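Data from input_28.cif: mmCIF, N, CA and C atoms
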data_start
#
loop_
_atom_site.label_atom_id
_atom_site.label_comp_id
_atom_site.auth_asym_id
_atom_site.auth_seq_id
_atom_site.Cartn_x
_atom_site.Cartn_y
_atom_site.Cartn_z
N PRO C 1 1.68 13.79 -7.91
CA PRO C 1 0.59 14.71 -8.14
C PRO C 1 0.94 15.69 -9.25
N ARG C 2 -0.05 16.00 -10.05
CA ARG C 2 0.15 16.95 -11.14
C ARG C 2 -0.86 18.08 -11.03
N LEU C 3 -0.43 19.24 -11.46
CA LEU C 3 -1.32 20.38 -11.51
C LEU C 3 -2.20 20.27 -12.74
N ALA C 4 -3.18 21.17 -12.85
CA ALA C 4 -4.10 21.13 -13.99
C ALA C 4 -3.37 21.24 -15.31
N ASP C 5 -2.24 21.96 -15.33
CA ASP C 5 -1.48 22.11 -16.58
C ASP C 5 -0.57 20.92 -16.86
N GLY C 6 -0.60 19.91 -15.98
CA GLY C 6 0.19 18.70 -16.18
C GLY C 6 1.55 18.71 -15.50
N ASP C 7 1.95 19.87 -14.96
CA ASP C 7 3.25 19.94 -14.28
C ASP C 7 3.21 19.25 -12.93
N GLN C 8 4.33 18.63 -12.57
CA GLN C 8 4.45 18.05 -11.24
C GLN C 8 4.96 19.12 -10.28
N VAL C 9 4.61 18.98 -9.01
CA VAL C 9 5.11 19.89 -7.99
C VAL C 9 6.39 19.26 -7.44
N VAL C 10 7.51 19.92 -7.69
CA VAL C 10 8.81 19.41 -7.28
C VAL C 10 9.30 20.23 -6.10
N LYS C 11 9.58 19.55 -5.00
CA LYS C 11 10.06 20.23 -3.80
C LYS C 11 11.52 20.63 -3.96
N MET C 12 12.32 19.72 -4.51
CA MET C 12 13.74 19.98 -4.71
C MET C 12 14.33 18.91 -5.62
N THR C 13 15.54 19.15 -6.06
CA THR C 13 16.28 18.13 -6.80
C THR C 13 17.62 17.92 -6.12
N ASP C 14 18.08 16.70 -6.16
CA ASP C 14 19.37 16.34 -5.58
C ASP C 14 20.17 15.63 -6.66
N PRO C 15 21.02 16.37 -7.39
CA PRO C 15 21.75 15.78 -8.51
C PRO C 15 22.64 14.60 -8.12
N SER C 16 22.99 14.48 -6.83
CA SER C 16 23.88 13.39 -6.41
C SER C 16 23.11 12.09 -6.15
N SER C 17 21.78 12.15 -6.19
CA SER C 17 20.96 10.98 -5.89
C SER C 17 20.64 10.19 -7.16
N PRO C 18 20.49 8.85 -7.03
CA PRO C 18 20.06 8.06 -8.19
C PRO C 18 18.65 8.45 -8.66
N ASP C 19 17.86 9.01 -7.77
CA ASP C 19 16.52 9.50 -8.10
C ASP C 19 16.47 10.97 -7.65
N PRO C 20 16.94 11.89 -8.49
CA PRO C 20 17.18 13.26 -8.05
C PRO C 20 15.93 14.11 -7.79
N VAL C 21 14.79 13.76 -8.35
CA VAL C 21 13.60 14.59 -8.20
C VAL C 21 12.86 14.23 -6.92
N ARG C 22 12.63 15.23 -6.08
CA ARG C 22 11.88 15.06 -4.84
C ARG C 22 10.55 15.79 -4.99
N LEU C 23 9.48 15.01 -5.16
CA LEU C 23 8.17 15.61 -5.27
C LEU C 23 7.72 16.09 -3.90
N GLY C 24 6.83 17.05 -3.87
CA GLY C 24 6.29 17.49 -2.59
C GLY C 24 5.84 18.93 -2.66
N GLY C 25 4.89 19.26 -1.81
CA GLY C 25 4.40 20.61 -1.73
C GLY C 25 3.08 20.86 -2.42
N VAL C 26 2.48 19.82 -3.01
CA VAL C 26 1.21 20.02 -3.70
C VAL C 26 0.12 20.47 -2.73
N GLY C 27 0.17 20.01 -1.49
CA GLY C 27 -0.80 20.44 -0.50
C GLY C 27 -0.74 21.94 -0.27
N GLN C 28 0.47 22.47 -0.23
CA GLN C 28 0.65 23.91 -0.04
C GLN C 28 0.13 24.67 -1.26
N VAL C 29 0.34 24.13 -2.45
CA VAL C 29 -0.17 24.76 -3.68
C VAL C 29 -1.70 24.82 -3.63
N VAL C 30 -2.33 23.71 -3.23
CA VAL C 30 -3.79 23.66 -3.15
C VAL C 30 -4.28 24.62 -2.07
N ALA C 31 -3.62 24.65 -0.92
CA ALA C 31 -4.02 25.56 0.16
C ALA C 31 -3.95 27.01 -0.30
N GLU C 32 -2.92 27.36 -1.01
CA GLU C 32 -2.79 28.74 -1.51
C GLU C 32 -3.90 29.06 -2.51
N TYR C 33 -4.24 28.11 -3.36
CA TYR C 33 -5.33 28.30 -4.31
C TYR C 33 -6.65 28.54 -3.58
N ILE C 34 -6.91 27.72 -2.56
CA ILE C 34 -8.14 27.89 -1.77
C ILE C 34 -8.16 29.26 -1.10
N ARG C 35 -7.02 29.66 -0.54
CA ARG C 35 -6.94 30.97 0.11
C ARG C 35 -7.24 32.10 -0.88
N GLN C 36 -6.65 31.99 -2.07
CA GLN C 36 -6.88 33.03 -3.08
C GLN C 36 -8.34 33.08 -3.52
N GLN C 37 -8.97 31.91 -3.66
CA GLN C 37 -10.35 31.86 -4.15
C GLN C 37 -11.38 32.23 -3.09
N THR C 38 -11.05 31.98 -1.81
CA THR C 38 -12.06 32.17 -0.76
C THR C 38 -11.70 33.25 0.24
N ASP C 39 -10.44 33.67 0.24
CA ASP C 39 -9.93 34.64 1.22
C ASP C 39 -10.03 34.08 2.64
N ILE C 40 -9.95 32.74 2.75
CA ILE C 40 -9.96 32.07 4.05
C ILE C 40 -8.57 31.52 4.31
N ASP C 41 -8.04 31.78 5.52
CA ASP C 41 -6.73 31.24 5.89
C ASP C 41 -6.78 29.72 5.81
N THR C 42 -5.89 29.13 5.04
CA THR C 42 -5.91 27.68 4.81
C THR C 42 -4.53 27.11 5.11
N ARG C 43 -4.50 26.00 5.81
CA ARG C 43 -3.23 25.36 6.18
C ARG C 43 -3.25 23.91 5.74
N THR C 44 -2.07 23.33 5.67
CA THR C 44 -1.95 21.95 5.22
C THR C 44 -1.44 21.07 6.35
N THR C 45 -1.71 19.78 6.23
CA THR C 45 -1.17 18.77 7.12
C THR C 45 -0.51 17.71 6.24
N VAL C 46 0.70 17.35 6.57
CA VAL C 46 1.42 16.31 5.81
C VAL C 46 1.06 14.97 6.44
N LEU C 47 0.29 14.16 5.68
CA LEU C 47 -0.23 12.91 6.22
C LEU C 47 0.89 12.00 6.72
N GLY C 48 1.99 11.94 6.02
CA GLY C 48 3.10 11.08 6.45
C GLY C 48 3.61 11.45 7.83
N HIS C 49 3.61 12.75 8.16
CA HIS C 49 4.05 13.18 9.49
C HIS C 49 3.05 12.72 10.54
N VAL C 50 1.77 12.80 10.22
CA VAL C 50 0.73 12.39 11.16
C VAL C 50 0.77 10.87 11.38
N GLN C 51 0.91 10.13 10.28
CA GLN C 51 0.92 8.67 10.38
C GLN C 51 2.10 8.16 11.19
N ARG C 52 3.25 8.80 11.07
CA ARG C 52 4.45 8.33 11.75
C ARG C 52 4.64 8.99 13.11
N GLY C 53 3.77 9.93 13.44
CA GLY C 53 3.91 10.68 14.68
C GLY C 53 3.26 9.99 15.85
N GLY C 54 3.24 10.71 16.95
CA GLY C 54 2.60 10.19 18.15
C GLY C 54 3.58 9.50 19.05
N SER C 55 3.09 9.15 20.20
CA SER C 55 3.91 8.46 21.19
C SER C 55 4.15 7.03 20.77
N PRO C 56 5.34 6.51 21.06
CA PRO C 56 5.60 5.12 20.71
C PRO C 56 4.72 4.17 21.53
N ILE C 57 4.37 3.07 20.91
CA ILE C 57 3.63 2.03 21.62
C ILE C 57 4.64 0.99 22.09
N GLY C 58 4.17 0.03 22.85
CA GLY C 58 5.06 -1.00 23.39
C GLY C 58 5.87 -1.70 22.31
N MET C 59 5.22 -2.03 21.17
CA MET C 59 5.92 -2.74 20.11
C MET C 59 7.08 -1.91 19.54
N ASP C 60 6.89 -0.59 19.45
CA ASP C 60 7.97 0.28 18.98
C ASP C 60 9.19 0.16 19.89
N ARG C 61 8.93 0.13 21.17
CA ARG C 61 10.03 0.07 22.14
C ARG C 61 10.71 -1.30 22.12
N VAL C 62 9.92 -2.35 21.99
CA VAL C 62 10.49 -3.70 21.90
C VAL C 62 11.35 -3.82 20.65
N LEU C 63 10.83 -3.35 19.51
CA LEU C 63 11.56 -3.46 18.25
C LEU C 63 12.87 -2.67 18.31
N SER C 64 12.82 -1.44 18.84
CA SER C 64 14.05 -0.65 18.90
C SER C 64 15.07 -1.30 19.83
N THR C 65 14.60 -1.92 20.91
CA THR C 65 15.51 -2.63 21.80
C THR C 65 16.16 -3.82 21.08
N GLN C 66 15.35 -4.56 20.32
CA GLN C 66 15.89 -5.69 19.57
C GLN C 66 16.93 -5.24 18.54
N PHE C 67 16.62 -4.17 17.81
CA PHE C 67 17.57 -3.66 16.82
C PHE C 67 18.87 -3.24 17.50
N GLY C 68 18.74 -2.49 18.61
CA GLY C 68 19.94 -2.03 19.32
C GLY C 68 20.77 -3.18 19.85
N TYR C 69 20.10 -4.17 20.43
CA TYR C 69 20.81 -5.32 20.98
C TYR C 69 21.54 -6.09 19.88
N ARG C 70 20.86 -6.30 18.75
CA ARG C 70 21.49 -7.01 17.63
C ARG C 70 22.70 -6.24 17.11
N ALA C 71 22.60 -4.91 17.05
CA ALA C 71 23.73 -4.09 16.59
C ALA C 71 24.92 -4.23 17.54
N ILE C 72 24.65 -4.24 18.84
CA ILE C 72 25.72 -4.41 19.83
C ILE C 72 26.36 -5.79 19.69
N GLU C 73 25.52 -6.82 19.48
CA GLU C 73 26.06 -8.17 19.27
C GLU C 73 26.99 -8.20 18.07
N LEU C 74 26.60 -7.55 16.99
CA LEU C 74 27.44 -7.52 15.78
C LEU C 74 28.78 -6.87 16.08
N LEU C 75 28.74 -5.72 16.73
CA LEU C 75 29.99 -5.02 17.05
C LEU C 75 30.87 -5.84 17.99
N ALA C 76 30.24 -6.45 19.00
CA ALA C 76 31.00 -7.25 19.97
C ALA C 76 31.67 -8.45 19.32
N SER C 77 31.06 -8.98 18.25
CA SER C 77 31.65 -10.13 17.57
C SER C 77 32.62 -9.71 16.47
N GLY C 78 32.90 -8.40 16.37
CA GLY C 78 33.87 -7.92 15.39
C GLY C 78 33.28 -7.64 14.02
N GLU C 79 31.98 -7.70 13.89
CA GLU C 79 31.32 -7.44 12.60
C GLU C 79 31.11 -5.93 12.44
N ASN C 80 31.89 -5.31 11.59
CA ASN C 80 31.75 -3.89 11.32
C ASN C 80 31.14 -3.69 9.94
N GLY C 81 30.58 -2.51 9.71
CA GLY C 81 30.01 -2.20 8.41
C GLY C 81 28.74 -2.98 8.12
N ARG C 82 28.04 -3.38 9.16
CA ARG C 82 26.79 -4.14 9.00
C ARG C 82 25.61 -3.29 9.46
N MET C 83 24.44 -3.61 8.97
CA MET C 83 23.22 -2.91 9.33
C MET C 83 22.16 -3.93 9.71
N VAL C 84 21.51 -3.70 10.84
CA VAL C 84 20.45 -4.59 11.29
C VAL C 84 19.20 -4.30 10.45
N VAL C 85 18.57 -5.36 9.99
CA VAL C 85 17.37 -5.24 9.16
C VAL C 85 16.32 -6.22 9.64
N MET C 86 15.08 -5.96 9.22
CA MET C 86 14.02 -6.93 9.47
C MET C 86 13.51 -7.39 8.11
N ARG C 87 13.54 -8.70 7.91
CA ARG C 87 13.05 -9.30 6.68
C ARG C 87 12.04 -10.37 7.04
N ASN C 88 10.85 -10.24 6.48
CA ASN C 88 9.79 -11.21 6.73
C ASN C 88 9.58 -11.45 8.22
N GLY C 89 9.65 -10.38 9.01
CA GLY C 89 9.40 -10.47 10.44
C GLY C 89 10.57 -10.99 11.26
N GLU C 90 11.71 -11.26 10.62
CA GLU C 90 12.88 -11.79 11.33
C GLU C 90 14.03 -10.78 11.27
N LEU C 91 14.73 -10.59 12.40
CA LEU C 91 15.89 -9.72 12.41
C LEU C 91 17.07 -10.42 11.75
N SER C 92 17.81 -9.64 10.99
CA SER C 92 18.99 -10.15 10.31
C SER C 92 19.95 -8.98 10.17
N HIS C 93 21.00 -9.15 9.39
CA HIS C 93 21.90 -8.03 9.12
C HIS C 93 22.50 -8.19 7.73
N ILE C 94 22.84 -7.03 7.15
CA ILE C 94 23.43 -7.00 5.82
C ILE C 94 24.55 -5.97 5.84
N GLY C 95 25.42 -6.04 4.84
CA GLY C 95 26.49 -5.07 4.72
C GLY C 95 25.95 -3.71 4.32
N ILE C 96 26.43 -2.67 4.97
CA ILE C 96 25.97 -1.33 4.64
C ILE C 96 26.29 -1.01 3.18
N GLN C 97 27.42 -1.48 2.68
CA GLN C 97 27.78 -1.22 1.29
C GLN C 97 26.81 -1.88 0.31
N ASP C 98 26.11 -2.90 0.76
CA ASP C 98 25.13 -3.56 -0.12
C ASP C 98 23.91 -2.68 -0.38
N VAL C 99 23.67 -1.69 0.48
CA VAL C 99 22.50 -0.84 0.32
C VAL C 99 22.82 0.63 0.12
N ALA C 100 24.06 1.02 0.37
CA ALA C 100 24.43 2.44 0.26
C ALA C 100 24.27 2.93 -1.17
N ASN C 101 23.69 4.12 -1.30
CA ASN C 101 23.52 4.79 -2.60
C ASN C 101 22.69 3.99 -3.59
N LYS C 102 21.75 3.21 -3.08
CA LYS C 102 20.87 2.43 -3.95
C LYS C 102 19.43 2.76 -3.62
N GLN C 103 18.57 2.68 -4.61
CA GLN C 103 17.16 2.88 -4.38
C GLN C 103 16.53 1.57 -3.95
N ARG C 104 15.55 1.67 -3.09
CA ARG C 104 14.77 0.52 -2.68
C ARG C 104 13.41 0.66 -3.35
N LEU C 105 13.20 -0.09 -4.39
CA LEU C 105 12.00 0.05 -5.20
C LEU C 105 10.92 -0.94 -4.78
N VAL C 106 9.69 -0.51 -4.90
CA VAL C 106 8.54 -1.36 -4.61
C VAL C 106 7.93 -1.76 -5.96
N PRO C 107 7.73 -3.05 -6.22
CA PRO C 107 7.13 -3.46 -7.49
C PRO C 107 5.74 -2.85 -7.64
N VAL C 108 5.40 -2.46 -8.87
CA VAL C 108 4.11 -1.79 -9.10
C VAL C 108 2.92 -2.69 -8.77
N ASP C 109 3.12 -4.00 -8.76
CA ASP C 109 2.02 -4.91 -8.43
C ASP C 109 2.04 -5.35 -6.97
N HIS C 110 2.84 -4.69 -6.14
CA HIS C 110 2.94 -5.03 -4.72
C HIS C 110 1.62 -4.75 -4.02
N GLU C 111 1.27 -5.55 -3.01
CA GLU C 111 -0.01 -5.40 -2.32
C GLU C 111 -0.15 -4.03 -1.65
N VAL C 112 0.94 -3.43 -1.21
CA VAL C 112 0.86 -2.10 -0.60
C VAL C 112 0.48 -1.06 -1.66
N VAL C 113 1.04 -1.18 -2.86
CA VAL C 113 0.69 -0.26 -3.95
C VAL C 113 -0.78 -0.44 -4.32
N GLU C 114 -1.23 -1.68 -4.39
CA GLU C 114 -2.64 -1.94 -4.69
C GLU C 114 -3.55 -1.32 -3.64
N ALA C 115 -3.18 -1.44 -2.36
CA ALA C 115 -3.98 -0.86 -1.29
C ALA C 115 -4.01 0.67 -1.41
N CYS C 116 -2.87 1.25 -1.72
CA CYS C 116 -2.81 2.71 -1.88
C CYS C 116 -3.68 3.16 -3.04
N ARG C 117 -3.60 2.47 -4.15
CA ARG C 117 -4.43 2.83 -5.30
C ARG C 117 -5.92 2.67 -4.98
N ALA C 118 -6.26 1.68 -4.16
CA ALA C 118 -7.66 1.45 -3.81
C ALA C 118 -8.27 2.62 -3.04
N VAL C 119 -7.42 3.34 -2.30
CA VAL C 119 -7.91 4.51 -1.57
C VAL C 119 -7.55 5.81 -2.31
N LYS C 120 -7.26 5.66 -3.60
CA LYS C 120 -7.05 6.79 -4.51
C LYS C 120 -5.78 7.58 -4.25
N THR C 121 -4.73 6.93 -3.74
CA THR C 121 -3.43 7.57 -3.62
C THR C 121 -2.86 7.75 -5.02
N SER C 122 -2.35 8.93 -5.31
CA SER C 122 -1.78 9.20 -6.63
C SER C 122 -0.27 8.98 -6.60
N PHE C 123 0.22 8.29 -7.60
CA PHE C 123 1.66 8.09 -7.76
C PHE C 123 2.20 8.92 -8.90
N GLY C 124 1.41 9.89 -9.37
CA GLY C 124 1.86 10.79 -10.42
C GLY C 124 1.75 10.22 -11.81
N ASP C 125 1.09 9.08 -11.96
CA ASP C 125 0.96 8.50 -13.30
C ASP C 125 -0.45 8.63 -13.82
#
Whole structure, structure tokens version:
Amino acid sequence: PRLADGDQVVKMTDPSSPDPVRLGGVGQVVAEYIRQQTDIDTRTTVLGHVQRGGSPIGMDRVLSTQFGYRAIELLASGENGRMVVMRNGELSHIGIQDVANKQRLVPVDHEVVEACRAVKTSFGD
């Protein structure tokens, strides 16, 4: 998201990260603008918190049990430094070092990106 002057709203920077800029807080900027213009108390809701919130459903509990069980199996068989993952709907495992300190990028033509753009989600471009 960009402000009218073209600046991005940056929540923080982490120089130790491969992607050090953390965007965030544009909702609070907009809420403050509304408050200033209308003198009405205005609050924000972070959609990501709402989408990921709520009570777990049965599938959440089944999936977490499967992940936990697979992790125990790995440890019991002497496999250390591994991480349980789900790929294409199947549980598997990979070395933690294979993913540590790396970005997981989504291709710009990915169907999830297309769906987000269809509902007018901004990626700052």
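Taking all atoms listed in the file, the non-local environment of range 96-99 of chain C within 5 Å (same-chain residues fewer than 2 positions away omitted) comprises Gly81, Arg82, Met83, Ile94, Asn101 and Lys102 of chain C.
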Problem set entry | Selection: 7 Å around range 27-34 of chain C, only C-alpha atoms, excl. self and same-chain fewer than 6 positions, as a PyMOL selection string | chain C and resi 42-44
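From CA of Leu75 in chain C back to CA of Leu91 in chain C, the distance works out to 15.6 Å.
Every residue of range 12-104 of chain C found in strand (DSSP E or B) when DSSP is run on the backbone appears here: C:Met12, C:Thr13, C:Val21, C:Arg22, C:Leu23, C:Arg82, C:Met83, C:Val84, C:Val85, C:Met86, C:Arg87, C:Glu90, C:Leu91, C:Ser92, C:His93, C:Ile94, C:Gly95.
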For this session: Please return as number ranges by chain: the residues of chain C that backbone DSSP assigns to helix (DSSP H, G or I).
Result: C: 26-38, 47-52, 58-76, 96-99, 111-118
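Across the structure, atom N of Val84 in chain C and atom C of Phe67 in chain C are spaced 7.2 Å apart.
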Exercise. Got a sec to resolve the PyMOL selection byres (((chain C and resi 5-13 and name CA) around 12) and name CA) on this structure and send the residues as a PyMOL selection string?
Worked result: chain C and resi 1-4+14-30+122-125
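What separates CA of Gly89 in chain C from CA of Val112 in chain C is a distance of 16.3 Å.
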